[in-house]
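Raw contents of model-v9.txt, compact mmCIF, C-alpha atoms (C1' of nucleotides):
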```
# COMPACT_ATOMS: atom_id res chain seq x y z
CA MET A 5 39.80 -39.54 110.66
CA PRO A 6 38.90 -35.84 110.84
CA THR A 7 40.28 -33.72 113.67
CA SER A 8 37.71 -33.17 116.35
CA SER A 9 37.23 -31.19 119.53
CA VAL A 10 34.79 -31.41 122.40
CA LEU A 11 31.97 -28.93 121.87
CA GLY A 12 30.19 -29.54 125.16
CA GLU A 13 27.73 -31.76 126.97
CA LEU A 14 24.18 -32.65 126.04
CA PRO A 15 22.08 -33.32 129.17
CA LEU A 16 20.24 -36.64 129.09
CA VAL A 17 17.18 -35.50 130.94
CA GLY A 18 13.69 -34.60 129.74
CA ALA A 19 11.67 -31.51 130.53
CA GLY A 20 10.02 -33.27 133.46
CA GLY A 21 13.31 -34.44 134.93
CA GLU A 22 12.79 -37.93 133.51
CA PRO A 23 15.83 -39.91 132.26
CA VAL A 24 16.77 -40.10 128.57
CA LEU A 25 18.50 -43.29 127.41
CA LEU A 26 20.89 -42.47 124.59
CA SER A 27 20.85 -45.98 123.11
CA ARG A 28 17.05 -46.21 123.12
CA THR A 29 16.68 -42.75 121.63
CA LEU A 30 19.17 -43.44 118.84
CA ALA A 31 17.43 -46.75 118.07
CA SER A 32 13.92 -45.31 118.41
CA HIS A 33 13.06 -45.75 114.72
CA GLY A 34 14.75 -46.52 111.42
CA VAL A 35 14.36 -43.11 109.81
CA ALA A 36 16.60 -41.67 112.55
CA SER A 37 19.57 -43.46 110.99
CA LEU A 38 19.06 -42.10 107.47
CA PRO A 39 21.53 -39.55 106.05
CA PRO A 40 22.69 -37.03 107.10
CA SER A 41 22.66 -39.02 110.36
CA ARG A 42 24.67 -42.14 111.01
CA ILE A 43 24.21 -44.25 114.11
CA ASP A 44 26.90 -46.63 115.35
CA GLU A 45 25.11 -49.43 117.19
CA GLU A 46 28.39 -50.75 118.63
CA THR A 47 29.15 -47.60 120.58
CA TRP A 48 25.68 -45.97 120.47
CA THR A 49 26.98 -42.78 118.95
CA LEU A 50 25.24 -40.42 116.54
CA GLU A 51 27.16 -38.62 113.82
CA VAL A 52 25.12 -35.98 112.04
CA THR A 53 25.86 -33.14 109.64
CA LEU A 54 23.80 -30.05 110.37
CA PRO A 55 23.45 -26.83 108.37
CA LEU A 56 24.80 -23.66 109.97
CA LEU A 57 22.67 -20.53 110.29
CA ARG A 58 23.90 -18.72 107.19
CA THR A 59 25.91 -21.03 104.94
CA GLY A 60 27.81 -24.28 105.19
CA ALA A 61 27.39 -27.23 107.49
CA ARG A 62 29.26 -28.98 110.28
CA THR A 63 29.47 -32.58 111.41
CA VAL A 64 29.03 -33.37 115.10
CA LEU A 65 29.29 -36.57 117.10
CA VAL A 66 27.07 -37.34 120.10
CA ALA A 67 28.67 -40.03 122.24
CA PRO A 68 27.79 -41.67 125.57
CA GLU A 69 29.64 -40.16 128.53
CA CYS A 70 27.56 -41.01 131.60
CA ASP A 71 23.91 -41.42 132.57
CA ALA A 72 23.53 -37.68 133.05
CA HIS A 73 24.85 -36.36 129.76
CA ALA A 74 26.33 -37.18 126.37
CA ARG A 75 29.55 -35.75 124.98
CA VAL A 76 29.28 -33.63 121.84
CA GLU A 77 32.29 -33.44 119.55
CA LEU A 78 32.78 -31.21 116.54
CA HIS A 79 34.60 -32.62 113.51
CA GLY A 80 36.89 -30.22 111.68
CA PRO A 81 37.81 -26.59 112.44
CA SER A 82 36.31 -24.88 115.49
CA VAL A 83 33.22 -22.68 115.27
CA GLY A 84 32.19 -19.41 116.89
CA GLU A 85 29.85 -19.12 119.87
CA GLY A 86 26.84 -18.38 117.65
CA SER A 87 27.31 -21.53 115.58
CA ARG A 88 28.02 -23.57 118.70
CA ALA A 89 24.76 -22.39 120.28
CA HIS A 90 22.93 -23.13 117.04
CA LEU A 91 24.31 -26.68 116.83
CA PHE A 92 23.33 -27.36 120.45
CA ALA A 93 19.84 -25.98 119.88
CA GLU A 94 19.47 -28.33 116.90
CA LEU A 95 20.64 -31.31 118.97
CA ARG A 96 18.29 -30.48 121.85
CA HIS A 97 15.47 -30.28 119.33
CA MET A 98 16.45 -33.60 117.73
CA PHE A 99 16.58 -35.34 121.11
CA ARG A 100 13.28 -33.71 122.11
CA LEU A 101 14.78 -32.50 125.40
CA ASP A 102 11.98 -29.92 125.64
CA GLU A 103 9.43 -32.71 125.93
CA ASP A 104 8.13 -34.13 129.21
CA LEU A 105 7.54 -37.87 128.85
CA SER A 106 6.56 -38.27 132.52
CA PRO A 107 2.83 -38.60 131.70
CA PHE A 108 3.64 -41.56 129.46
CA TYR A 109 5.88 -43.13 132.07
CA SER A 110 3.05 -42.86 134.61
CA VAL A 111 0.96 -45.02 132.25
CA ALA A 112 3.84 -47.38 131.36
CA ARG A 113 4.81 -47.94 134.99
CA GLU A 114 1.45 -49.57 135.65
CA ASP A 115 1.67 -51.80 132.57
CA GLU A 116 3.55 -55.10 132.76
CA GLN A 117 4.48 -54.99 129.06
CA LEU A 118 5.75 -51.41 129.11
CA GLY A 119 7.25 -51.01 132.57
CA TRP A 120 10.74 -51.47 131.17
CA ALA A 121 10.38 -48.24 129.17
CA VAL A 122 10.34 -45.89 132.17
CA THR A 123 14.14 -45.98 132.41
CA GLY A 124 14.29 -43.64 129.42
CA ALA A 125 12.80 -45.27 126.32
CA GLY A 126 10.08 -43.84 124.11
CA ARG A 127 11.85 -40.66 123.05
CA MET A 128 11.80 -40.48 119.26
CA LEU A 129 14.85 -38.91 117.61
CA ARG A 130 13.59 -36.34 115.10
CA SER A 131 15.16 -34.32 112.33
CA PRO A 132 15.92 -30.61 112.72
CA THR A 133 12.84 -29.78 110.63
CA VAL A 134 9.42 -31.30 110.02
CA PHE A 135 10.10 -30.85 106.31
CA GLU A 136 13.07 -33.23 106.53
CA ASP A 137 11.03 -35.85 108.37
CA VAL A 138 8.14 -35.62 105.90
CA VAL A 139 10.46 -36.01 102.88
CA LYS A 140 12.21 -38.98 104.50
CA THR A 141 8.88 -40.60 105.35
CA ILE A 142 7.66 -40.23 101.75
CA CYS A 143 10.88 -42.01 100.75
CA THR A 144 9.91 -44.96 102.99
CA THR A 145 6.59 -45.49 101.22
CA ASN A 146 6.07 -48.31 98.77
CA THR A 147 9.69 -49.38 98.65
CA ALA A 148 12.19 -51.61 100.39
CA TRP A 149 14.52 -50.09 103.01
CA GLY A 150 17.42 -50.13 100.56
CA GLY A 151 15.42 -47.91 98.25
CA THR A 152 14.72 -45.46 101.05
CA VAL A 153 18.43 -45.25 101.89
CA ARG A 154 19.30 -44.68 98.22
CA MET A 155 16.68 -41.94 97.74
CA VAL A 156 17.53 -39.99 100.91
CA GLY A 157 21.25 -40.52 100.33
CA GLY A 158 20.90 -39.10 96.83
CA LEU A 159 19.10 -36.00 98.07
CA VAL A 160 21.66 -35.39 100.82
CA ASP A 161 24.85 -36.15 98.87
CA HIS A 162 23.93 -34.08 95.82
CA LEU A 163 21.81 -31.23 97.17
CA GLY A 164 22.86 -30.71 100.79
CA ALA A 165 25.39 -28.16 102.07
CA LYS A 166 28.88 -29.64 102.42
CA ALA A 167 30.75 -29.73 105.73
CA PRO A 168 34.58 -29.60 106.01
CA THR A 169 34.46 -33.37 106.66
CA GLY A 170 33.01 -33.90 103.18
CA ALA A 171 29.67 -35.01 104.61
CA HIS A 172 26.50 -33.19 103.61
CA ALA A 173 23.55 -31.78 105.56
CA PHE A 174 19.96 -32.41 104.53
CA PRO A 175 19.13 -30.10 101.62
CA THR A 176 16.99 -27.00 102.05
CA PRO A 177 13.50 -26.92 100.49
CA GLY A 178 14.87 -24.46 97.94
CA ALA A 179 17.67 -26.80 96.88
CA ILE A 180 15.22 -29.65 96.37
CA ALA A 181 12.72 -27.42 94.57
CA ASP A 182 15.43 -26.25 92.16
CA ALA A 183 16.63 -29.76 91.27
CA PRO A 184 15.75 -30.79 87.71
CA ASP A 185 13.50 -33.73 86.85
CA GLU A 186 16.56 -35.68 85.70
CA PHE A 187 17.98 -35.54 89.23
CA PHE A 188 14.94 -37.22 90.76
CA ARG A 189 14.71 -39.76 87.96
CA ASP A 190 18.36 -40.66 87.35
CA VAL A 191 20.27 -39.78 90.53
CA ALA A 192 18.01 -40.05 93.59
CA ARG A 193 15.77 -42.48 91.64
CA THR A 194 12.74 -41.49 93.61
CA GLY A 195 10.41 -42.81 90.94
CA TYR A 196 6.85 -41.53 91.09
CA ARG A 197 7.67 -39.88 94.47
CA GLY A 198 9.84 -37.26 92.72
CA PRO A 199 6.93 -34.92 91.84
CA TYR A 200 5.52 -35.30 95.37
CA ILE A 201 8.83 -34.34 97.01
CA ARG A 202 9.44 -31.49 94.58
CA THR A 203 5.92 -30.08 94.94
CA LEU A 204 6.28 -30.22 98.71
CA ALA A 205 9.69 -28.51 98.57
CA MET A 206 8.37 -25.78 96.26
CA SER A 207 5.44 -25.07 98.60
CA VAL A 208 7.75 -24.81 101.62
CA ALA A 209 10.44 -22.81 99.79
CA SER A 210 7.89 -20.29 98.52
CA GLY A 211 6.43 -19.79 101.99
CA GLN A 212 3.05 -21.06 100.88
CA LEU A 213 3.37 -23.99 103.30
CA ASP A 214 4.85 -23.89 106.80
CA LEU A 215 5.32 -27.45 108.01
CA GLU A 216 7.06 -26.28 111.18
CA GLN A 217 3.70 -24.92 112.37
CA LEU A 218 2.72 -28.54 112.98
CA ASN A 219 4.93 -28.40 116.08
CA ASP A 220 2.35 -26.09 117.66
CA PRO A 221 1.07 -27.96 120.76
CA GLU A 222 -2.21 -26.03 120.55
CA LEU A 223 -3.20 -27.88 117.37
CA PRO A 224 -5.41 -30.92 118.02
CA ASP A 225 -4.21 -34.29 116.69
CA GLU A 226 -7.11 -34.43 114.24
CA GLU A 227 -6.06 -31.18 112.57
CA VAL A 228 -2.40 -32.17 112.45
CA GLU A 229 -3.36 -35.47 110.83
CA GLN A 230 -5.64 -33.72 108.34
CA ARG A 231 -2.94 -31.24 107.34
CA LEU A 232 -0.45 -34.06 106.83
CA LEU A 233 -2.92 -36.07 104.73
CA GLU A 234 -3.31 -33.05 102.45
CA LEU A 235 0.40 -33.19 101.55
CA PRO A 236 1.36 -34.88 98.27
CA GLY A 237 2.45 -38.48 98.78
CA VAL A 238 1.28 -38.60 102.40
CA GLY A 239 -1.39 -41.16 103.25
CA PRO A 240 -2.53 -42.75 106.52
CA TYR A 241 0.75 -44.60 107.13
CA ALA A 242 2.98 -41.60 106.40
CA ALA A 243 0.83 -39.23 108.48
CA ALA A 244 0.92 -41.58 111.49
CA HIS A 245 4.67 -42.05 111.06
CA VAL A 246 5.40 -38.31 110.99
CA MET A 247 3.11 -37.73 113.97
CA LEU A 248 4.88 -40.42 116.00
CA THR A 249 8.49 -39.84 115.03
CA SER A 250 8.58 -36.11 114.36
CA LEU A 251 5.72 -34.30 116.06
CA GLY A 252 5.48 -36.03 119.45
CA ARG A 253 1.85 -37.00 118.72
CA TYR A 254 1.48 -40.56 119.96
CA SER A 255 -2.21 -41.29 119.46
CA ARG A 256 -2.00 -42.80 115.94
CA LEU A 257 -0.72 -46.33 115.30
CA VAL A 258 1.80 -46.78 112.48
CA LEU A 259 0.33 -49.70 110.55
CA ASP A 260 2.46 -50.86 107.65
CA SER A 261 4.10 -53.90 106.07
CA TRP A 262 6.55 -54.21 108.97
CA THR A 263 4.40 -53.44 112.03
CA ARG A 264 1.49 -55.71 111.05
CA PRO A 265 3.60 -58.91 110.73
CA ALA A 266 5.69 -57.90 113.76
CA TYR A 267 2.54 -57.59 115.85
CA ALA A 268 1.18 -60.88 114.44
CA LYS A 269 4.43 -62.58 115.49
CA LEU A 270 4.17 -61.07 118.95
CA VAL A 271 0.62 -62.24 119.61
CA GLY A 272 0.83 -65.44 117.57
CA ARG A 273 -1.81 -64.65 114.97
CA LYS A 274 -2.75 -62.19 112.27
CA THR A 275 -4.86 -59.31 113.59
CA SER A 276 -6.91 -56.74 111.68
CA ASP A 277 -5.98 -53.06 111.90
CA LYS A 278 -9.23 -52.25 113.67
CA ALA A 279 -8.63 -54.98 116.27
CA ILE A 280 -5.08 -53.69 116.89
CA GLU A 281 -6.40 -50.16 117.32
CA ARG A 282 -9.07 -51.42 119.74
CA ARG A 283 -6.45 -53.20 121.85
CA PHE A 284 -4.30 -50.09 122.20
CA ARG A 285 -7.20 -47.69 122.81
CA ARG A 286 -6.66 -48.03 126.55
CA TYR A 287 -3.37 -46.15 126.20
CA GLY A 288 -5.30 -43.09 125.00
CA ASP A 289 -3.02 -40.39 123.59
CA PHE A 290 -0.06 -42.78 123.94
CA ALA A 291 -1.58 -45.67 121.95
CA GLY A 292 0.81 -45.28 119.02
CA LEU A 293 3.86 -45.02 121.27
CA ALA A 294 2.83 -48.07 123.30
CA PHE A 295 2.32 -50.07 120.09
CA TRP A 296 5.68 -48.95 118.70
CA LEU A 297 7.59 -49.72 121.90
CA LEU A 298 6.12 -53.21 122.15
CA LEU A 299 7.35 -53.97 118.62
CA THR A 300 10.80 -52.42 118.95
CA ARG A 301 11.94 -53.39 122.44
CA GLY A 302 14.42 -55.90 121.00
CA TRP A 303 16.15 -53.28 118.89
CA VAL A 304 18.45 -52.51 121.84
CA PRO A 305 19.85 -55.30 124.00
CA ASP A 306 18.83 -54.72 127.62
CA ASP A 307 22.47 -54.54 128.72
CA ALA A 308 23.18 -51.78 126.18
CA ALA A 309 20.15 -49.84 127.44
CA SER A 310 21.05 -50.16 131.10
CA GLY A 311 23.11 -47.00 131.21
CA GLY A 312 24.74 -44.36 129.05
CA SER A 313 28.28 -45.34 129.95
CA ALA A 314 27.70 -49.06 129.53
CA ALA A 315 28.09 -48.82 125.78
CA ILE A 316 31.59 -47.38 125.87
C1' DG B 16 22.12 -62.13 81.05
C1' DC B 17 17.34 -61.58 80.35
C1' DG B 18 12.46 -61.56 81.35
C1' DT B 19 8.82 -62.02 84.71
C1' DC B 20 6.72 -61.53 89.04
C1' DC B 21 6.08 -59.44 93.47
C1' DA B 22 6.23 -56.17 97.42
C1' DG B 23 5.64 -51.66 99.10
C1' DG B 24 1.91 -47.02 100.21
C1' DT B 25 -0.54 -43.46 97.78
C1' DC B 26 -3.41 -41.57 94.30
C1' DT B 27 -7.12 -41.54 91.05
C1' DA B 28 -10.87 -43.21 88.48
C1' DC B 29 -14.73 -45.79 88.71
C1' DC B 30 -18.75 -48.16 90.68
C1' DG C 7 -17.64 -45.16 100.82
C1' DG C 8 -15.28 -49.01 98.82
C1' DT C 9 -12.38 -51.08 95.25
C1' DA C 10 -9.17 -51.76 91.41
C1' DG C 11 -5.36 -50.47 88.99
C1' DA C 12 -1.40 -47.50 88.06
C1' DC C 13 2.78 -45.57 89.72
C1' DC C 14 8.33 -47.06 90.11
C1' DT C 15 12.10 -49.64 91.78
C1' DG C 16 14.82 -53.47 93.43
C1' DG C 17 15.10 -58.11 94.54
C1' DA C 18 13.97 -62.91 93.83
C1' DC C 19 13.33 -66.35 90.72
C1' DG C 20 13.27 -69.21 86.53
C1' DC C 21 15.07 -69.96 82.08
```

Re-express the file's structure as structure tokens.
Amino acid sequence: MPTSSVLGELPLVGAGGEPVLLSRTLASHGVASLPPSRIDEETWTLEVTLPLLRTGARTVLVAPECDAHARVELHGPSVGEGSRAHLFAELRHMFRLDEDLSPFYSVAREDEQLGWAVTGAGRMLRSPTVFEDVVKTICTTNTAWGGTVRMVGGLVDHLGAKAPTGAHAFPTPGAIADAPDEFFRDVARTGYRGPYIRTLAMSVASGQLDLEQLNDPELPDEEVEQRLLELPGVGPYAAAHVMLTSLGRYSRLVLDSWTRPAYAKLVGRKTSDKAIERRFRRYGDFAGLAFWLLLTRGWVPDDAASGGSAAI
DNA sequence: GCGTCCAGGTCTACC
DNA sequence: GGTAGACCTGGACGC
């Protein structure tokens, strides 16, 4: 076990003063658990390796402390105040603590199927960058989950900056752009997705493409979706997934090989995509989030989601 | 152990 | 605009 020290507290409260459930946020979607993150579903802790501002990376642990905040621990040697502030800024970004989910909770509170969510569910854990989330989402397309884990793990373990713990951060666009064809084919085994990921990384590394601009709240959903669909390897599923899990845009429904059967099981019959979209239209800008929450409620036992300290 | 088939989402060519 | 097939890998299955 690496030596560790307490770095500080992460408040579990949204921008509107609404509660943030650590367990629900960590279990918000599968991509959140891909390297360089690791989620322990016994203790509801997040271990993640993040790049520092200049060089290197550090591994931090976010653990339940009480309903009001989580405890943040640093693995390995201590860091200066600048790096500490940077790591906290990254964690606040990942937990979307700048987002006010109160408008959604106002809708959910009136809905018998979603009322349970107002205690702090619905907050999607995101990566430090949109680039990371887009690459990970491309790695989820047209493959089994094991393949996604292998591809992302390959990128992280071989191209990401190394922390003193031996763990690696997610690689920079430049590191991915510089990787040879053989790496994508023989190591990460990304298959036909290799050229997509590399082209994307080259565009971002060169400055030709700024994916982080998609965080701009002034951009309408339609434009965000269009810009995502223009990226190599990103189709309707991937665009909806990035909008939901990374960009805080909840209007699009993620319709894929898991959500369609899961919804069919829930309602007892197969339903067309258009019919599903019609049924969730009443949730307006939160249609995608409502759909997602209905399908994933069982991912966290209700007793584990009842309070931050309950999981200890 | 080997070969075959299938699932998975996106892209491209074709109608 | 809609459709078919290719892309690539891992897993399941039969022999």

**Q.** All residues 10 Å or closer to range 14-21 of chain C, all atoms listed in the file, same chain fewer than 6 positions away omitted, as a list in words
**A.**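 With the cut-off at 10 Å, the set is Asn146, Thr147, Ala148, Gly150, Gly151, Arg189, Arg193, Thr194, Gly195, Tyr196 and Arg197 of chain A; DC17, DG18, DT19, DC20, DC21, DA22 and DG23 of chain B.
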
Keeping C-alpha atoms (C1' of nucleotides), export the residues of the selection given above as a compact mmCIF listing (two decimals), keeping the file's coordinate frame.
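Output saved as result.txt:
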```
# COMPACT_ATOMS: atom_id res chain seq x y z
CA ASN A 146 6.07 -48.31 98.77
CA THR A 147 9.69 -49.38 98.65
CA ALA A 148 12.19 -51.61 100.39
CA GLY A 150 17.42 -50.13 100.56
CA GLY A 151 15.42 -47.91 98.25
CA ARG A 189 14.71 -39.76 87.96
CA ARG A 193 15.77 -42.48 91.64
CA THR A 194 12.74 -41.49 93.61
CA GLY A 195 10.41 -42.81 90.94
CA TYR A 196 6.85 -41.53 91.09
CA ARG A 197 7.67 -39.88 94.47
C1' DC B 17 17.34 -61.58 80.35
C1' DG B 18 12.46 -61.56 81.35
C1' DT B 19 8.82 -62.02 84.71
C1' DC B 20 6.72 -61.53 89.04
C1' DC B 21 6.08 -59.44 93.47
C1' DA B 22 6.23 -56.17 97.42
C1' DG B 23 5.64 -51.66 99.10
```

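From CA of Asp260 in chain A back to CA of Val238 in chain A, the distance works out to 13.4 Å.
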
Can you report as JSON the centre and edge lengths in Å, to one decimal, of an axis-aligned box around the listed atoms of chain B padded with 4 Å on each side?
```
{"center_x": 1.7, "center_y": -51.8, "center_z": 90.3, "size_x": 48.9, "size_y": 28.6, "size_z": 27.9}
```

Q. So which one's closest to chain C, A:Arg75, A:Arg154, A:Arg130, A:Lys140? Using only C-alpha atoms (C1' of nucleotides), please.
A. A:Arg154

(Q) Just the number, please: distance in Å from CA of Phe188 in chain A to CA of Tyr200 in chain A, one decimal. (A)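 Straight-line distance from CA of Phe188 in chain A to CA of Tyr200 in chain A works out to 10.7 Å.
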
At a cut-off of 12 Å, using only C-alpha atoms (C1' of nucleotides), what residues contact Arg282 in chain A? Leave out same-chain residues fewer than 3 positions from it and give the result as a CSV table (one decimal) with C-alpha atoms, in the coordinates of the input.
```csv
chain,number,residue,atom,x,y,z
A,256,ARG,CA,-2.0,-42.8,115.9
A,257,LEU,CA,-0.7,-46.3,115.3
A,275,THR,CA,-4.9,-59.3,113.6
A,276,SER,CA,-6.9,-56.7,111.7
A,277,ASP,CA,-6.0,-53.1,111.9
A,278,LYS,CA,-9.2,-52.2,113.7
A,279,ALA,CA,-8.6,-55.0,116.3
A,285,ARG,CA,-7.2,-47.7,122.8
A,286,ARG,CA,-6.7,-48.0,126.6
A,287,TYR,CA,-3.4,-46.2,126.2
A,288,GLY,CA,-5.3,-43.1,125.0
A,291,ALA,CA,-1.6,-45.7,122.0
A,292,GLY,CA,0.8,-45.3,119.0
A,295,PHE,CA,2.3,-50.1,120.1
```

Q | For C1' of DT9 in chain C and CA of Lys269 in chain A, the interatomic separation in Å (one decimal) | A | 28.7 Å

Q: Please provide as a ChimeraX atom specification all residues within 8 Å of DG24 in chain B, with the sequence filter that same-chain residues fewer than 6 positions apart are discarded (counting only C-alpha atoms (C1' of nucleotides)).
A: /A:145-146,239,241

Q.
Which residue is closest to chain C? Choose from A:Val35, A:Leu57, A:Ala192, A:Ala72 and count all atoms listed in the file.
A. A:Ala192

Q: Please check which residues have atoms at most 12 Å from (11.7, -21.5, 109.4) in the file's coordinates, counting all atoms listed in the file, and write them as a ChimeraX atom specification.
A: /A:57,132-135,176-177,208-211,213-219

(Q) When you count all atoms listed in the file, which of these residues is closest to chain C: A:Ile280, A:Leu248, A:Val304, A:Cys143? (A) A:Cys143

Q: Write out as a ChimeraX atom specification the residues lying within 12 Å of DG11 in chain C, counting only C-alpha atoms (C1' of nucleotides) and excluding same-chain residues fewer than 5 positions away.
A: /B:26-29
